[in-house]
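Everything on this sheet refers to the single structure shown next.
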Amino acid sequence: MDRPALLFPLLLSTLLGCKLFSNSTDDNSAKAEASAPAPAAAPSAPQAASEVAFQRKVPKAGIKASLTRKTSSKFTMAGKTFRESSFMQSEFLVKESDEFRITKGSIDVKELYTTSQQGTDSEKRSVSPLAGSSYVVTRAEDGKLSAQDTGGNTVPAATLKLIKDEYASSFEKNQDAAFLPDRPLKLEEKLMPASDAMLKTVGIKDDGNTLIDGTEFFLRSAADGKASFDVTMTMTQKIPGAGLRVRSKLTGKLEMQIDGAWVVGFDLKGPVTILDGSGNEKGSGELGIVATQTFQ
């Protein structure tokens with residue numbers, strides 16, 4: 001069985017949880033914003049707020065974000081070990097947005113590549129054609145995306161597809177905060193979102209092929225305008241046509257900017273198990289994902 005058909009769907013779906021920007025998507029966002037003002041950074045522990053009120057917002061024109069993302073995976077199947085890693089560094093400048101989403105932005109792809117190795121074979125490095133290039137992407141009223149290069153020329157269809165695969169979610173109503181209730185959270189409060197809420201959060205279509213259970217978000221702290229969660233989740237995905245499932249148990253941390261409800265970083269890792277239709281283990285390994293996002 002070919003390796004990419006097994007692990008890549010899990011890896012890519014998980015990565016969808018980290019966008020260049022997190023856009024307001026909650027129909028009750030106006031109510032959430034009215035519930036409490038954005039909490040100020042506490043100057044000392046005794047004065048720290050006991051509650052956190054997230055304010056869902058759409059990034060406005062002029063906001064710039066820098067994103068770095070690293071992934072790594074290693075697993076063994078049929079006696080052979082497979083390794084894969086990826087790295088992405090990009091900058092995104094919001095040019096236009098409406099009340100729901102970003103509608104125009106410039107993307108500067110600094111680095112974008114993957115490395116892979118099968119067994120004792122030599123390591124292979126694949127650099128994306130997008131690396132080292134900049135594009136201006138526009139979302140039309142019908143939802144279709146178009147892109148131009150730095151010379152103002154419309155990019156070829158193949159290039160547009162690559163841009164969509166990596167950045168299309170930045171121009172949609174993002175669901176990063178779908179796991180949050182429409183109320184302030186108490187420090188050290190534990191959330192246990194249902195699978196459908198988590199599918200929205202990580203950007204996966206609820207088509208019956210993916211289940212996210214055992215999810216817990218523990219609000220560990222809030223300081224300097226950011227909230228930090230301890231995260232635990234189990235994701236199980238069916239691999240279409242392969243009769244296999246990939247189960248990943250991830251733990252780690254997630255940071256969210258309070259004013260905007262934008263994810264600004266996460267670090268998740270854990271074991272991966274490949275199962276056949278009868279639940280027998282066919283392979284195992286580990287997966288790690290780290291991303292940080294800063295705003296200017």
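Following the order of the structure tokens, first chain is A, next is B, and so on, with residues numbered from 1 inside each chain and ligands from 1 in the order they appear.
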
Problem set entry | Long-range neighbours of Gly79 in chain A as a PyMOL selection string, 12 Å cut-off, only C-alpha atoms, 6 positions minimum in chain | chain A and resi 118-120+282-284

Problem set entry | Residues near Met192 in chain A, cut-off 9 Å, only C-alpha atoms, skip fewer than 6 positions along chain, as a list in words | Phe179, Asp213, Gly214, Thr215, Glu216, Phe217 and Phe218 of chain A

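Separating CA of Ala242 in chain A from CA of Val272 in chain A is a distance of 16.9 Å.
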
Problem set entry | Secondary structure check, strand (DSSP E) residues of range 27-255 of chain A, as a ChimeraX atom specification | /A:51-52,55-56,64-77,80-97,102-118,124-127,134-139,145-148,185-186,190-191,210-223,226-239,244-255

Any chance you could export the current selection's C-alpha atoms as a short mmCIF file (atom, residue, chain, number, x, y, z; two decimals), in the first residue's frame?
```
data_model
loop_
_atom_site.label_atom_id
_atom_site.label_comp_id
_atom_site.auth_asym_id
_atom_site.auth_seq_id
_atom_site.Cartn_x
_atom_site.Cartn_y
_atom_site.Cartn_z
CA GLU A 51 -12.54 35.03 33.23
CA VAL A 52 -11.62 35.39 29.58
CA GLN A 55 -13.97 38.68 20.88
CA ARG A 56 -14.39 37.19 17.41
CA LYS A 64 0.00 41.61 8.56
CA ALA A 65 0.65 38.10 9.84
CA SER A 66 3.76 35.95 9.74
CA LEU A 67 3.26 32.19 9.97
CA THR A 68 5.74 29.41 10.54
CA ARG A 69 4.62 25.77 10.47
CA LYS A 70 6.58 22.56 10.96
CA THR A 71 5.33 19.00 10.74
CA SER A 72 7.03 15.67 11.24
CA SER A 73 5.84 12.09 11.00
CA LYS A 74 7.40 8.67 11.31
CA PHE A 75 5.66 5.32 11.11
CA THR A 76 6.35 1.70 10.33
CA MET A 77 4.17 -0.50 8.13
CA LYS A 80 9.37 -0.56 6.43
CA THR A 81 9.79 2.80 8.18
CA PHE A 82 8.62 6.01 6.55
CA ARG A 83 9.62 9.53 7.58
CA GLU A 84 8.26 12.85 6.41
CA SER A 85 8.65 16.46 7.47
CA SER A 86 7.49 19.78 6.10
CA PHE A 87 8.26 23.44 6.66
CA MET A 88 6.34 26.54 5.67
CA GLN A 89 7.07 30.21 6.31
CA SER A 90 4.76 32.84 4.85
CA GLU A 91 3.64 36.42 5.31
CA PHE A 92 0.10 37.58 4.66
CA LEU A 93 -1.07 41.19 4.29
CA VAL A 94 -4.79 41.90 4.43
CA LYS A 95 -5.79 44.25 1.63
CA GLU A 96 -9.58 44.05 1.88
CA SER A 97 -12.14 42.35 4.11
CA ILE A 102 -10.82 38.43 4.14
CA THR A 103 -11.61 39.16 0.49
CA LYS A 104 -8.19 40.24 -0.79
CA GLY A 105 -4.70 39.67 0.47
CA SER A 106 -1.09 39.43 -0.60
CA ILE A 107 0.86 36.27 0.20
CA ASP A 108 4.63 36.16 0.34
CA VAL A 109 5.77 32.53 0.41
CA LYS A 110 9.21 32.56 2.00
CA GLU A 111 9.76 28.80 2.26
CA LEU A 112 7.59 25.76 1.52
CA TYR A 113 9.07 22.29 1.23
CA THR A 114 8.81 18.67 2.34
CA THR A 115 11.43 16.01 2.98
CA SER A 116 10.72 12.28 2.92
CA GLN A 117 12.52 9.01 3.37
CA GLN A 118 11.44 5.39 2.91
CA LYS A 124 14.23 13.31 -0.82
CA ARG A 125 13.47 17.04 -0.66
CA SER A 126 10.62 18.59 -2.62
CA VAL A 127 10.36 22.39 -2.84
CA SER A 134 4.47 36.52 -3.92
CA TYR A 135 0.84 36.64 -5.02
CA VAL A 136 -2.23 38.81 -4.63
CA VAL A 137 -5.30 36.66 -4.10
CA THR A 138 -8.86 37.96 -4.52
CA ARG A 139 -12.10 36.30 -3.52
CA LEU A 145 -10.45 32.76 -5.95
CA SER A 146 -8.13 34.36 -8.48
CA ALA A 147 -4.47 35.27 -8.15
CA GLN A 148 -1.93 37.54 -9.76
CA LEU A 185 -14.50 31.19 30.10
CA LYS A 186 -13.22 30.79 33.60
CA LYS A 190 -12.31 22.42 30.96
CA LEU A 191 -14.17 22.22 27.64
CA THR A 210 -13.68 11.45 10.34
CA LEU A 211 -14.37 11.26 14.05
CA ILE A 212 -12.76 13.46 16.71
CA ASP A 213 -13.48 12.30 20.23
CA GLY A 214 -12.00 12.45 23.70
CA THR A 215 -11.33 16.15 23.13
CA GLU A 216 -10.46 18.35 26.08
CA PHE A 217 -9.43 22.01 26.16
CA PHE A 218 -8.18 23.15 29.57
CA LEU A 219 -7.80 26.93 29.90
CA ARG A 220 -4.44 27.03 31.63
CA SER A 221 -3.73 30.77 31.69
CA ALA A 222 -4.38 34.17 30.14
CA ALA A 223 -1.75 36.89 29.89
CA LYS A 226 -3.38 35.57 24.84
CA ALA A 227 -5.09 32.51 26.28
CA SER A 228 -3.26 29.20 26.61
CA PHE A 229 -5.05 25.85 26.46
CA ASP A 230 -3.83 22.34 27.23
CA VAL A 231 -5.26 20.15 24.47
CA THR A 232 -6.05 16.45 24.15
CA MET A 233 -7.85 14.86 21.20
CA THR A 234 -8.18 11.63 19.27
CA MET A 235 -8.78 11.81 15.52
CA THR A 236 -9.81 8.76 13.50
CA GLN A 237 -10.05 8.96 9.71
CA LYS A 238 -11.17 6.39 7.16
CA ILE A 239 -8.92 6.13 4.12
CA LEU A 244 -7.96 1.33 6.55
CA ARG A 245 -8.28 3.87 9.32
CA VAL A 246 -5.67 6.25 10.75
CA ARG A 247 -6.01 7.04 14.44
CA SER A 248 -3.96 9.80 16.02
CA LYS A 249 -3.95 10.69 19.71
CA LEU A 250 -2.61 14.23 20.00
CA THR A 251 -1.74 16.24 23.08
CA GLY A 252 -0.11 19.61 23.52
CA LYS A 253 -0.87 23.30 23.77
CA LEU A 254 -2.79 25.91 21.80
CA GLU A 255 -2.58 29.68 22.15
#
```

For this session: Would you work out the distance separating CA of Asp267 in chain A from CA of Ala61 in chain A, expressed in Å to one decimal?
Result: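 Separating CA of Asp267 in chain A from CA of Ala61 in chain A is a distance of 28.7 Å.
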
For this session: Go through A:Arg101, A:Lys57, A:Asn209, A:Ala78 one by one, measure the shortest atom-to-atom distance of each to Glu281 in chain A using only C-alpha atoms, and give the residue with the smallest value.
Result: A:Ala78

Exercise. Could you pull the residues within 10 Å of Ala168 in chain A, counting only C-alpha atoms, minus those fewer than 3 positions along the same chain, as a ChimeraX atom specification?
Worked result: /A:19-20,137,139,144-145,160-165,171-172

Can I get the selected residues back with N, CA, C and O atoms, as a CSV table (one decimal), in the first residue's frame?
```csv
chain,number,residue,atom,x,y,z
A,19,LYS,N,-4.7,28.4,10.1
A,19,LYS,CA,-4.7,29.3,9.0
A,19,LYS,C,-3.8,30.5,9.2
A,19,LYS,O,-3.3,30.8,10.3
A,20,LEU,N,-3.6,31.2,8.1
A,20,LEU,CA,-2.8,32.4,8.2
A,20,LEU,C,-3.5,33.4,9.0
A,20,LEU,O,-2.9,34.3,9.7
A,137,VAL,N,-4.2,37.5,-3.9
A,137,VAL,CA,-5.3,36.7,-4.1
A,137,VAL,C,-6.6,37.4,-3.8
A,137,VAL,O,-6.7,38.1,-2.8
A,139,ARG,N,-10.9,37.1,-3.6
A,139,ARG,CA,-12.1,36.3,-3.5
A,139,ARG,C,-13.3,37.0,-4.1
A,139,ARG,O,-13.7,38.1,-3.7
A,144,LYS,N,-15.2,32.3,-5.7
A,144,LYS,CA,-14.1,31.8,-6.5
A,144,LYS,C,-12.8,32.7,-6.2
A,144,LYS,O,-12.9,33.9,-6.1
A,145,LEU,N,-11.7,32.1,-6.2
A,145,LEU,CA,-10.4,32.8,-5.9
A,145,LEU,C,-9.7,33.0,-7.3
A,145,LEU,O,-9.7,32.1,-8.1
A,160,LEU,N,-2.5,28.4,-9.5
A,160,LEU,CA,-3.7,28.8,-8.7
A,160,LEU,C,-4.2,27.6,-7.8
A,160,LEU,O,-4.5,27.8,-6.7
A,161,LYS,N,-4.1,26.4,-8.4
A,161,LYS,CA,-4.5,25.2,-7.6
A,161,LYS,C,-3.5,25.1,-6.4
A,161,LYS,O,-4.0,24.8,-5.3
A,162,LEU,N,-2.3,25.3,-6.6
A,162,LEU,CA,-1.3,25.2,-5.4
A,162,LEU,C,-1.6,26.2,-4.4
A,162,LEU,O,-1.6,25.9,-3.2
A,163,ILE,N,-2.0,27.4,-4.8
A,163,ILE,CA,-2.3,28.5,-3.9
A,163,ILE,C,-3.6,28.1,-3.1
A,163,ILE,O,-3.6,28.3,-1.9
A,164,LYS,N,-4.6,27.6,-3.8
A,164,LYS,CA,-5.8,27.2,-3.2
A,164,LYS,C,-5.5,26.1,-2.1
A,164,LYS,O,-6.1,26.1,-1.0
A,165,ASP,N,-4.7,25.1,-2.5
A,165,ASP,CA,-4.5,24.0,-1.6
A,165,ASP,C,-3.9,24.5,-0.3
A,165,ASP,O,-4.2,23.9,0.8
A,171,PHE,N,-9.4,32.7,3.1
A,171,PHE,CA,-10.4,33.5,2.5
A,171,PHE,C,-11.8,33.0,2.8
A,171,PHE,O,-12.7,33.5,2.1
A,172,GLU,N,-11.9,32.1,3.7
A,172,GLU,CA,-13.3,31.6,4.1
A,172,GLU,C,-13.6,32.0,5.5
A,172,GLU,O,-12.8,32.5,6.2
```

For this session: Using only C-alpha atoms, find the one residue out of A:Ala197, A:Ala158, A:Leu180, A:Ile274 that sits nearest to Ala261 in chain A.
Result: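 When distances to Ala261 in chain A are compared using only C-alpha atoms, the smallest one comes from A:Leu180.
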
For this session: Going by DSSP on the backbone, which bits of range 13-233 of chain A are helix (DSSP H, G or I)? Write them as a ChimeraX atom specification, please.
Result: /A:13-15,29-35,45-47,157-171,195-202

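When only C-alpha atoms are used to compute distances to Ala177 in chain A, the closest of the residues A:Thr201, A:Ser50, A:Thr273, A:Ser128 turns out to be A:Thr201.
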
Exercise. What is the CA of Asp196 in chain A to CA of Met256 in chain A distance in Å?
Worked result: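 Pair CA of Asp196 in chain A / CA of Met256 in chain A returns 20.4 Å.
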